[in-house]
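As structure tokens, the structure follows; a few thoughts come after it.
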Amino acid sequence: MSSCAEPVMIRPMMAVDLNRVLDLAGGLKDAPQWSRAAYEGIVDPVDGESGSWRRIALVACDAESGLVAGFAVASLVPPEGELETVGVASEFQRRGIGRQLVNEIGKKFRLQGVTKVLLEVRDSNLAAKGLYCSLGFREMSRRSGYYIDPIEDAVVMRLDF
Ligand SMILES: CC(C)(COP(=O)(O)OP(=O)(O)OC[C@H]1O[C@@H](n2cnc3c(N)ncnc32)[C@H](O)[C@@H]1OP(=O)(O)O)[C@@H](O)C(=O)NCCC(=O)NCCS
């Protein structure tokens with residue numbers, strides 16, 4: 001995390017956050033546009049019985065206003081985890097919030113025994129690739145024509161703990 005990172009509070013995503021998360025994601029060209037139902041299936045992701053998590057959904061709230069500035073969603077089947085989506089509202093970008101969100105996912109992954117993290121990203125998404133590279137992810141392979149509208153390769157990136 002950079003020393004000038006924006007002060008944010010990172011906490012689990014809750015149902016009350018969904019209007020803001022959907023709005024925020026809708027304003028981001030490169031964020032996956034998930035339906036409300038898809039998010040509803042992942043809020044409150046703790047399995048209280050077994051204590052095992054299969055999904056992690058976090059939001060980063062601006063320390064002053066409390067507004068949700070960013071979010072991240074991941075899935076895991078230890079020892080493997082996948083970072084599914086991360087998004088930061090454009091007015092909050094380049095303040096270290098994306099990095100803090102992914103670092104927090106990483107901490108939770110480690111607690112659950114994840115040792116290998118994978119993700120897919122559009123080849124042209126330089127901001128996301130820059131974020132992932134800055135955190136130690138490296139290109140592992142490519143999926144040709146994986147994305148549509150427009151058609152583009154996915155870069156598969158990997159980080160080992
Ligand atoms: C990718 C994204 C989450 C980054 O969030 P962010 O809060 O702005 O990122 P940070 O401020 O934590 O940046 C961390 C590092 O990532 C890299 N980075 C971030 N934005 C970048 C950009 N526009 N260009 C190049 N590198 C960038 C830099 O290395 C940066 O470190 P630095 O600021 O010290 O140089 C944000 O740009 C975003 O929401 N994009 C749209 C949605 C998306 O593409 N999500 C990923 C696919 S699911």
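In the structure tokens, each chain is lettered A, B, ... as it comes, each chain's residues begin at 1, and ligands are numbered from 1 in order of appearance.
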Ligand 1: which residues are within 7 Å, counting only C-alpha atoms and all ligand atoms? Reply as a PDB file with all heavy atoms, in the first residue's frame.
ATOM      1  N   SER A   2       0.537   2.240  -0.819  1.00  0.00           N
ATOM      2  CA  SER A   2       1.372   3.427  -0.871  1.00  0.00           C
ATOM      3  C   SER A   2       1.119   4.299   0.351  1.00  0.00           C
ATOM      4  O   SER A   2       0.049   4.286   0.965  1.00  0.00           O
ATOM      5  CB  SER A   2       1.090   4.216  -2.157  1.00  0.00           C
ATOM      6  OG  SER A   2      -0.103   4.931  -2.028  1.00  0.00           O
ATOM      7  N   LEU A  28     -18.421   2.546 -14.825  1.00  0.00           N
ATOM      8  CA  LEU A  28     -17.042   2.143 -15.147  1.00  0.00           C
ATOM      9  C   LEU A  28     -17.036   1.305 -16.419  1.00  0.00           C
ATOM     10  O   LEU A  28     -17.567   0.193 -16.437  1.00  0.00           O
ATOM     11  CB  LEU A  28     -16.447   1.335 -13.992  1.00  0.00           C
ATOM     12  CG  LEU A  28     -16.302   2.087 -12.659  1.00  0.00           C
ATOM     13  CD1 LEU A  28     -15.868   1.120 -11.564  1.00  0.00           C
ATOM     14  CD2 LEU A  28     -15.301   3.231 -12.783  1.00  0.00           C
ATOM     15  N   LYS A  29     -16.433   1.827 -17.453  1.00  0.00           N
ATOM     16  CA  LYS A  29     -16.454   1.170 -18.760  1.00  0.00           C
ATOM     17  C   LYS A  29     -15.935  -0.270 -18.702  1.00  0.00           C
ATOM     18  O   LYS A  29     -16.485  -1.158 -19.336  1.00  0.00           O
ATOM     19  CB  LYS A  29     -15.594   2.007 -19.726  1.00  0.00           C
ATOM     20  CG  LYS A  29     -15.472   1.468 -21.120  1.00  0.00           C
ATOM     21  CD  LYS A  29     -14.705   2.429 -22.009  1.00  0.00           C
ATOM     22  CE  LYS A  29     -13.220   2.477 -21.768  1.00  0.00           C
ATOM     23  NZ  LYS A  29     -12.438   1.321 -22.193  1.00  0.00           N
ATOM     24  N   ASP A  30     -14.868  -0.488 -17.943  1.00  0.00           N
ATOM     25  CA  ASP A  30     -14.225  -1.798 -17.983  1.00  0.00           C
ATOM     26  C   ASP A  30     -14.655  -2.742 -16.872  1.00  0.00           C
ATOM     27  O   ASP A  30     -14.121  -3.851 -16.763  1.00  0.00           O
ATOM     28  CB  ASP A  30     -12.700  -1.627 -17.934  1.00  0.00           C
ATOM     29  CG  ASP A  30     -12.179  -1.082 -19.258  1.00  0.00           C
ATOM     30  OD1 ASP A  30     -12.640  -1.556 -20.313  1.00  0.00           O
ATOM     31  OD2 ASP A  30     -11.318  -0.188 -19.233  1.00  0.00           O
ATOM     32  N   ALA A  31     -15.587  -2.307 -16.021  1.00  0.00           N
ATOM     33  CA  ALA A  31     -16.026  -3.207 -14.947  1.00  0.00           C
ATOM     34  C   ALA A  31     -17.066  -4.170 -15.492  1.00  0.00           C
ATOM     35  O   ALA A  31     -17.932  -3.789 -16.282  1.00  0.00           O
ATOM     36  CB  ALA A  31     -16.618  -2.402 -13.800  1.00  0.00           C
ATOM     37  N   PRO A  32     -17.043  -5.441 -15.061  1.00  0.00           N
ATOM     38  CA  PRO A  32     -18.110  -6.363 -15.454  1.00  0.00           C
ATOM     39  C   PRO A  32     -19.446  -5.828 -14.951  1.00  0.00           C
ATOM     40  O   PRO A  32     -19.539  -5.363 -13.819  1.00  0.00           O
ATOM     41  CB  PRO A  32     -17.745  -7.668 -14.734  1.00  0.00           C
ATOM     42  CG  PRO A  32     -16.348  -7.523 -14.281  1.00  0.00           C
ATOM     43  CD  PRO A  32     -16.064  -6.057 -14.171  1.00  0.00           C
ATOM     44  N   GLU A  84     -12.581 -11.692  -8.984  1.00  0.00           N
ATOM     45  CA  GLU A  84     -13.596 -11.638 -10.041  1.00  0.00           C
ATOM     46  C   GLU A  84     -13.833 -10.232 -10.564  1.00  0.00           C
ATOM     47  O   GLU A  84     -14.056 -10.029 -11.754  1.00  0.00           O
ATOM     48  CB  GLU A  84     -14.911 -12.222  -9.525  1.00  0.00           C
ATOM     49  CG  GLU A  84     -14.795 -13.691  -9.178  1.00  0.00           C
ATOM     50  CD  GLU A  84     -16.135 -14.241  -8.729  1.00  0.00           C
ATOM     51  OE1 GLU A  84     -16.927 -14.652  -9.578  1.00  0.00           O
ATOM     52  OE2 GLU A  84     -16.379 -14.244  -7.509  1.00  0.00           O
ATOM     53  N   THR A  85     -13.862  -9.267  -9.663  1.00  0.00           N
ATOM     54  CA  THR A  85     -14.068  -7.885 -10.115  1.00  0.00           C
ATOM     55  C   THR A  85     -13.579  -6.921  -9.048  1.00  0.00           C
ATOM     56  O   THR A  85     -13.618  -7.228  -7.848  1.00  0.00           O
ATOM     57  CB  THR A  85     -15.560  -7.622 -10.455  1.00  0.00           C
ATOM     58  OG1 THR A  85     -15.708  -6.262 -10.883  1.00  0.00           O
ATOM     59  CG2 THR A  85     -16.476  -7.875  -9.298  1.00  0.00           C
ATOM     60  N   VAL A  86     -13.090  -5.805  -9.501  1.00  0.00           N
ATOM     61  CA  VAL A  86     -12.732  -4.705  -8.610  1.00  0.00           C
ATOM     62  C   VAL A  86     -13.065  -3.419  -9.349  1.00  0.00           C
ATOM     63  O   VAL A  86     -12.843  -3.321 -10.558  1.00  0.00           O
ATOM     64  CB  VAL A  86     -11.241  -4.772  -8.176  1.00  0.00           C
ATOM     65  CG1 VAL A  86     -10.306  -4.843  -9.357  1.00  0.00           C
ATOM     66  CG2 VAL A  86     -10.875  -3.596  -7.286  1.00  0.00           C
ATOM     67  N   GLY A  87     -13.632  -2.473  -8.646  1.00  0.00           N
ATOM     68  CA  GLY A  87     -13.980  -1.199  -9.279  1.00  0.00           C
ATOM     69  C   GLY A  87     -13.873  -0.061  -8.279  1.00  0.00           C
ATOM     70  O   GLY A  87     -14.213  -0.229  -7.106  1.00  0.00           O
ATOM     71  N   VAL A  88     -13.386   1.065  -8.757  1.00  0.00           N
ATOM     72  CA  VAL A  88     -13.288   2.266  -7.920  1.00  0.00           C
ATOM     73  C   VAL A  88     -13.934   3.410  -8.697  1.00  0.00           C
ATOM     74  O   VAL A  88     -13.640   3.606  -9.890  1.00  0.00           O
ATOM     75  CB  VAL A  88     -11.806   2.588  -7.584  1.00  0.00           C
ATOM     76  CG1 VAL A  88     -11.697   3.925  -6.852  1.00  0.00           C
ATOM     77  CG2 VAL A  88     -11.191   1.467  -6.746  1.00  0.00           C
ATOM     78  N   ALA A  89     -14.844   4.132  -8.043  1.00  0.00           N
ATOM     79  CA  ALA A  89     -15.528   5.257  -8.708  1.00  0.00           C
ATOM     80  C   ALA A  89     -14.486   6.208  -9.286  1.00  0.00           C
ATOM     81  O   ALA A  89     -13.451   6.466  -8.659  1.00  0.00           O
ATOM     82  CB  ALA A  89     -16.415   5.981  -7.706  1.00  0.00           C
ATOM     83  N   SER A  90     -14.785   6.736 -10.482  1.00  0.00           N
ATOM     84  CA  SER A  90     -13.761   7.506 -11.195  1.00  0.00           C
ATOM     85  C   SER A  90     -13.230   8.668 -10.353  1.00  0.00           C
ATOM     86  O   SER A  90     -12.037   8.959 -10.385  1.00  0.00           O
ATOM     87  CB  SER A  90     -14.296   7.988 -12.543  1.00  0.00           C
ATOM     88  OG  SER A  90     -15.545   8.591 -12.364  1.00  0.00           O
ATOM     89  N   PHE A  92     -12.634   8.724  -7.324  1.00  0.00           N
ATOM     90  CA  PHE A  92     -11.766   8.235  -6.243  1.00  0.00           C
ATOM     91  C   PHE A  92     -10.543   7.484  -6.775  1.00  0.00           C
ATOM     92  O   PHE A  92      -9.753   6.964  -5.990  1.00  0.00           O
ATOM     93  CB  PHE A  92     -12.559   7.295  -5.318  1.00  0.00           C
ATOM     94  CG  PHE A  92     -13.516   7.993  -4.395  1.00  0.00           C
ATOM     95  CD1 PHE A  92     -14.864   8.080  -4.702  1.00  0.00           C
ATOM     96  CD2 PHE A  92     -13.082   8.566  -3.202  1.00  0.00           C
ATOM     97  CE1 PHE A  92     -15.756   8.717  -3.847  1.00  0.00           C
ATOM     98  CE2 PHE A  92     -13.971   9.198  -2.341  1.00  0.00           C
ATOM     99  CZ  PHE A  92     -15.317   9.277  -2.666  1.00  0.00           C
ATOM    100  N   GLN A  93     -10.424   7.405  -8.096  1.00  0.00           N
ATOM    101  CA  GLN A  93      -9.326   6.591  -8.645  1.00  0.00           C
ATOM    102  C   GLN A  93      -7.960   7.258  -8.426  1.00  0.00           C
ATOM    103  O   GLN A  93      -7.875   8.446  -8.211  1.00  0.00           O
ATOM    104  CB  GLN A  93      -9.563   6.336 -10.143  1.00  0.00           C
ATOM    105  CG  GLN A  93     -10.713   5.361 -10.370  1.00  0.00           C
ATOM    106  CD  GLN A  93     -10.976   5.058 -11.842  1.00  0.00           C
ATOM    107  OE1 GLN A  93     -10.234   5.491 -12.722  1.00  0.00           O
ATOM    108  NE2 GLN A  93     -12.034   4.335 -12.101  1.00  0.00           N
ATOM    109  N   ARG A  94      -6.945   6.442  -8.510  1.00  0.00           N
ATOM    110  CA  ARG A  94      -5.529   6.829  -8.329  1.00  0.00           C
ATOM    111  C   ARG A  94      -5.251   7.368  -6.928  1.00  0.00           C
ATOM    112  O   ARG A  94      -4.395   8.223  -6.742  1.00  0.00           O
ATOM    113  CB  ARG A  94      -5.083   7.851  -9.375  1.00  0.00           C
ATOM    114  CG  ARG A  94      -4.957   7.306 -10.794  1.00  0.00           C
ATOM    115  CD  ARG A  94      -4.288   5.969 -10.938  1.00  0.00           C
ATOM    116  NE  ARG A  94      -2.840   5.897 -10.811  1.00  0.00           N
ATOM    117  CZ  ARG A  94      -1.990   5.925 -11.823  1.00  0.00           C
ATOM    118  NH1 ARG A  94      -2.418   6.072 -13.048  1.00  0.00           N
ATOM    119  NH2 ARG A  94      -0.703   5.795 -11.627  1.00  0.00           N
ATOM    120  N   ARG A  95      -5.964   6.854  -5.964  1.00  0.00           N
ATOM    121  CA  ARG A  95      -5.699   7.244  -4.566  1.00  0.00           C
ATOM    122  C   ARG A  95      -5.394   6.017  -3.712  1.00  0.00           C
ATOM    123  O   ARG A  95      -5.515   6.053  -2.493  1.00  0.00           O
ATOM    124  CB  ARG A  95      -6.906   7.975  -3.972  1.00  0.00           C
ATOM    125  CG  ARG A  95      -7.279   9.235  -4.713  1.00  0.00           C
ATOM    126  CD  ARG A  95      -8.279  10.017  -3.881  1.00  0.00           C
ATOM    127  NE  ARG A  95      -9.101  10.869  -4.701  1.00  0.00           N
ATOM    128  CZ  ARG A  95     -10.150  11.556  -4.234  1.00  0.00           C
ATOM    129  NH1 ARG A  95     -10.495  11.450  -2.975  1.00  0.00           N
ATOM    130  NH2 ARG A  95     -10.843  12.328  -5.027  1.00  0.00           N
ATOM    131  N   GLY A  96      -5.072   4.905  -4.367  1.00  0.00           N
ATOM    132  CA  GLY A  96      -4.661   3.717  -3.623  1.00  0.00           C
ATOM    133  C   GLY A  96      -5.806   2.844  -3.135  1.00  0.00           C
ATOM    134  O   GLY A  96      -5.578   1.876  -2.395  1.00  0.00           O
ATOM    135  N   ILE A  97      -7.038   3.165  -3.550  1.00  0.00           N
ATOM    136  CA  ILE A  97      -8.186   2.402  -3.022  1.00  0.00           C
ATOM    137  C   ILE A  97      -8.266   1.009  -3.663  1.00  0.00           C
ATOM    138  O   ILE A  97      -8.502   0.009  -2.974  1.00  0.00           O
ATOM    139  CB  ILE A  97      -9.494   3.191  -3.216  1.00  0.00           C
ATOM    140  CG1 ILE A  97      -9.425   4.492  -2.407  1.00  0.00           C
ATOM    141  CG2 ILE A  97     -10.707   2.358  -2.804  1.00  0.00           C
ATOM    142  CD1 ILE A  97     -10.606   5.423  -2.600  1.00  0.00           C
ATOM    143  N   GLY A  98      -8.030   0.932  -4.968  1.00  0.00           N
ATOM    144  CA  GLY A  98      -8.028  -0.377  -5.628  1.00  0.00           C
ATOM    145  C   GLY A  98      -6.991  -1.294  -5.005  1.00  0.00           C
ATOM    146  O   GLY A  98      -7.262  -2.472  -4.716  1.00  0.00           O
ATOM    147  N   ARG A  99      -5.817  -0.729  -4.741  1.00  0.00           N
ATOM    148  CA  ARG A  99      -4.756  -1.548  -4.136  1.00  0.00           C
ATOM    149  C   ARG A  99      -5.170  -2.021  -2.750  1.00  0.00           C
ATOM    150  O   ARG A  99      -4.942  -3.186  -2.378  1.00  0.00           O
ATOM    151  CB  ARG A  99      -3.467  -0.725  -4.076  1.00  0.00           C
ATOM    152  CG  ARG A  99      -2.289  -1.497  -3.534  1.00  0.00           C
ATOM    153  CD  ARG A  99      -1.043  -0.644  -3.498  1.00  0.00           C
ATOM    154  NE  ARG A  99      -0.488  -0.430  -4.816  1.00  0.00           N
ATOM    155  CZ  ARG A  99       0.021   0.731  -5.247  1.00  0.00           C
ATOM    156  NH1 ARG A  99       0.026   1.775  -4.463  1.00  0.00           N
ATOM    157  NH2 ARG A  99       0.539   0.838  -6.453  1.00  0.00           N
ATOM    158  N   GLN A 100      -5.779  -1.140  -1.963  1.00  0.00           N
ATOM    159  CA  GLN A 100      -6.196  -1.541  -0.606  1.00  0.00           C
ATOM    160  C   GLN A 100      -7.251  -2.644  -0.672  1.00  0.00           C
ATOM    161  O   GLN A 100      -7.228  -3.589   0.134  1.00  0.00           O
ATOM    162  CB  GLN A 100      -6.755  -0.329   0.144  1.00  0.00           C
ATOM    163  CG  GLN A 100      -5.697   0.710   0.502  1.00  0.00           C
ATOM    164  CD  GLN A 100      -6.299   1.883   1.255  1.00  0.00           C
ATOM    165  OE1 GLN A 100      -6.701   1.762   2.413  1.00  0.00           O
ATOM    166  NE2 GLN A 100      -6.372   3.043   0.619  1.00  0.00           N
ATOM    167  N   VAL A 121      -8.271 -10.331 -17.295  1.00  0.00           N
ATOM    168  CA  VAL A 121      -8.440  -8.902 -17.533  1.00  0.00           C
ATOM    169  C   VAL A 121      -8.322  -8.638 -19.029  1.00  0.00           C
ATOM    170  O   VAL A 121      -7.558  -9.305 -19.736  1.00  0.00           O
ATOM    171  CB  VAL A 121      -7.380  -8.094 -16.727  1.00  0.00           C
ATOM    172  CG1 VAL A 121      -5.959  -8.476 -17.094  1.00  0.00           C
ATOM    173  CG2 VAL A 121      -7.594  -6.598 -16.867  1.00  0.00           C
ATOM    174  N   ASN A 125      -7.011  -3.063 -20.843  1.00  0.00           N
ATOM    175  CA  ASN A 125      -7.331  -2.401 -19.573  1.00  0.00           C
ATOM    176  C   ASN A 125      -6.029  -2.095 -18.818  1.00  0.00           C
ATOM    177  O   ASN A 125      -5.620  -2.805 -17.894  1.00  0.00           O
ATOM    178  CB  ASN A 125      -8.262  -3.280 -18.738  1.00  0.00           C
ATOM    179  CG  ASN A 125      -8.829  -2.542 -17.544  1.00  0.00           C
ATOM    180  OD1 ASN A 125      -8.324  -1.491 -17.154  1.00  0.00           O
ATOM    181  ND2 ASN A 125      -9.879  -3.097 -16.952  1.00  0.00           N
ATOM    182  N   LEU A 126      -5.402  -1.002 -19.218  1.00  0.00           N
ATOM    183  CA  LEU A 126      -4.073  -0.692 -18.686  1.00  0.00           C
ATOM    184  C   LEU A 126      -4.115  -0.351 -17.200  1.00  0.00           C
ATOM    185  O   LEU A 126      -3.176  -0.658 -16.465  1.00  0.00           O
ATOM    186  CB  LEU A 126      -3.452   0.467 -19.480  1.00  0.00           C
ATOM    187  CG  LEU A 126      -3.256   0.201 -20.972  1.00  0.00           C
ATOM    188  CD1 LEU A 126      -2.570   1.394 -21.636  1.00  0.00           C
ATOM    189  CD2 LEU A 126      -2.457  -1.079 -21.216  1.00  0.00           C
ATOM    190  N   ALA A 127      -5.203   0.291 -16.751  1.00  0.00           N
ATOM    191  CA  ALA A 127      -5.300   0.640 -15.327  1.00  0.00           C
ATOM    192  C   ALA A 127      -5.323  -0.632 -14.479  1.00  0.00           C
ATOM    193  O   ALA A 127      -4.585  -0.759 -13.498  1.00  0.00           O
ATOM    194  CB  ALA A 127      -6.544   1.482 -15.078  1.00  0.00           C
ATOM    195  N   ALA A 128      -6.182  -1.578 -14.859  1.00  0.00           N
ATOM    196  CA  ALA A 128      -6.292  -2.809 -14.071  1.00  0.00           C
ATOM    197  C   ALA A 128      -4.995  -3.619 -14.169  1.00  0.00           C
ATOM    198  O   ALA A 128      -4.504  -4.133 -13.160  1.00  0.00           O
ATOM    199  CB  ALA A 128      -7.480  -3.632 -14.554  1.00  0.00           C
ATOM    200  N   GLY A 130      -2.075  -2.461 -14.640  1.00  0.00           N
ATOM    201  CA  GLY A 130      -1.091  -1.739 -13.831  1.00  0.00           C
ATOM    202  C   GLY A 130      -1.278  -2.033 -12.353  1.00  0.00           C
ATOM    203  O   GLY A 130      -0.308  -2.264 -11.624  1.00  0.00           O
ATOM    204  N   LEU A 131      -2.545  -2.034 -11.915  1.00  0.00           N
ATOM    205  CA  LEU A 131      -2.836  -2.353 -10.503  1.00  0.00           C
ATOM    206  C   LEU A 131      -2.343  -3.762 -10.170  1.00  0.00           C
ATOM    207  O   LEU A 131      -1.637  -3.974  -9.179  1.00  0.00           O
ATOM    208  CB  LEU A 131      -4.341  -2.242 -10.257  1.00  0.00           C
ATOM    209  CG  LEU A 131      -4.859  -2.788  -8.924  1.00  0.00           C
ATOM    210  CD1 LEU A 131      -4.293  -2.002  -7.744  1.00  0.00           C
ATOM    211  CD2 LEU A 131      -6.389  -2.752  -8.883  1.00  0.00           C
ATOM    212  N   TYR A 132      -2.714  -4.726 -11.005  1.00  0.00           N
ATOM    213  CA  TYR A 132      -2.361  -6.119 -10.700  1.00  0.00           C
ATOM    214  C   TYR A 132      -0.837  -6.326 -10.736  1.00  0.00           C
ATOM    215  O   TYR A 132      -0.283  -7.006  -9.879  1.00  0.00           O
ATOM    216  CB  TYR A 132      -3.059  -7.071 -11.685  1.00  0.00           C
ATOM    217  CG  TYR A 132      -4.573  -6.936 -11.706  1.00  0.00           C
ATOM    218  CD1 TYR A 132      -5.286  -7.058 -12.893  1.00  0.00           C
ATOM    219  CD2 TYR A 132      -5.295  -6.687 -10.542  1.00  0.00           C
ATOM    220  CE1 TYR A 132      -6.679  -6.930 -12.923  1.00  0.00           C
ATOM    221  CE2 TYR A 132      -6.681  -6.551 -10.554  1.00  0.00           C
ATOM    222  CZ  TYR A 132      -7.360  -6.668 -11.747  1.00  0.00           C
ATOM    223  OH  TYR A 132      -8.730  -6.533 -11.762  1.00  0.00           O
ATOM    224  N   SER A 134       1.385  -4.103 -10.098  1.00  0.00           N
ATOM    225  CA  SER A 134       1.984  -3.438  -8.931  1.00  0.00           C
ATOM    226  C   SER A 134       1.850  -4.297  -7.682  1.00  0.00           C
ATOM    227  O   SER A 134       2.578  -4.109  -6.714  1.00  0.00           O
ATOM    228  CB  SER A 134       1.347  -2.067  -8.710  1.00  0.00           C
ATOM    229  OG  SER A 134       0.086  -2.185  -8.055  1.00  0.00           O
TER     230      SER A 134
END
Quick check for you: according to DSSP on this backbone, which residues of chain A are classed as strand (DSSP E)? Reply as a ChimeraX atom specification.
/A:8-12,55-62,68-77,80-88,116-122,138-147,152-160
Can you list every residue in chain A that DSSP puts in helix (DSSP H, G or I), as a ChimeraX atom specification?
/A:15-26,36-40,90-92,97-111,126-134
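The closest residue to A:Lys129, picked from A:Ala72, A:Met157, A:Met13, A:Ala57 and counting only C-alpha atoms, is A:Met157.
Nearest to A:Val102 of all the residues A:Ala63, A:Val16, A:Leu58, A:Ile151 is A:Leu58, counting only C-alpha atoms.
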Neighbouring residues of A:Phe109 were defined as those with any atom within 10 Å, considering only C-alpha atoms; residues of the same chain fewer than 3 positions away were excluded. Please report them as a count of residues only.
22
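When atom CA of A:Asp62 is paired with atom CA of A:Pro12, their separation reads 14.3 Å.
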Can you pull out every residue within 9 Å of stretch 35-37 of chain A, counting only C-alpha atoms, but drop anything in the same chain fewer than 6 positions away, and send it as a PyMOL selection string?
chain A and resi 18-19+22
Contacts of A:Glu139 at 12 Å (only C-alpha atoms; same-chain gap of 2+ positions) as JSON, numbers by chain
{"A": [117, 118, 119, 120, 121, 122, 123, 129, 130, 132, 133, 136, 137, 141, 142, 143, 154, 155, 156, 157, 158, 159]}
Atoms to include: C-alpha atoms. Write the selected residues as a PDB file, in the first residue's frame.
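Okay, out-v2.pdb is ready:
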ATOM      1  CA  VAL A 117      -4.707 -16.295  -7.115  1.00  0.00           C
ATOM      2  CA  LEU A 118      -5.922 -16.041 -10.701  1.00  0.00           C
ATOM      3  CA  LEU A 119      -7.766 -13.332 -12.606  1.00  0.00           C
ATOM      4  CA  GLU A 120      -8.714 -12.386 -16.142  1.00  0.00           C
ATOM      5  CA  VAL A 121      -8.440  -8.902 -17.533  1.00  0.00           C
ATOM      6  CA  ARG A 122      -9.009  -7.261 -20.906  1.00  0.00           C
ATOM      7  CA  ASP A 123      -5.717  -6.789 -22.680  1.00  0.00           C
ATOM      8  CA  LYS A 129      -3.179  -4.472 -15.498  1.00  0.00           C
ATOM      9  CA  GLY A 130      -1.091  -1.739 -13.831  1.00  0.00           C
ATOM     10  CA  TYR A 132      -2.361  -6.119 -10.700  1.00  0.00           C
ATOM     11  CA  CYS A 133       1.289  -5.859 -11.794  1.00  0.00           C
ATOM     12  CA  GLY A 136       2.901  -8.856  -8.015  1.00  0.00           C
ATOM     13  CA  PHE A 137       0.526 -10.536 -10.484  1.00  0.00           C
ATOM     14  CA  SER A 141      -1.561 -17.098 -20.431  1.00  0.00           C
ATOM     15  CA  ARG A 142      -4.077 -15.562 -22.833  1.00  0.00           C
ATOM     16  CA  ARG A 143      -7.587 -16.495 -23.902  1.00  0.00           C
ATOM     17  CA  ALA A 154      -8.234 -11.934 -21.915  1.00  0.00           C
ATOM     18  CA  VAL A 155      -4.914 -11.873 -20.135  1.00  0.00           C
ATOM     19  CA  VAL A 156      -4.834 -14.492 -17.383  1.00  0.00           C
ATOM     20  CA  MET A 157      -2.718 -13.297 -14.470  1.00  0.00           C
ATOM     21  CA  ARG A 158      -1.470 -15.205 -11.472  1.00  0.00           C
ATOM     22  CA  LEU A 159      -0.066 -14.408  -8.041  1.00  0.00           C
TER      23      LEU A 159
END
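When atom CA of A:Glu91 is paired with atom CA of A:Val59, their separation reads 15.6 Å.
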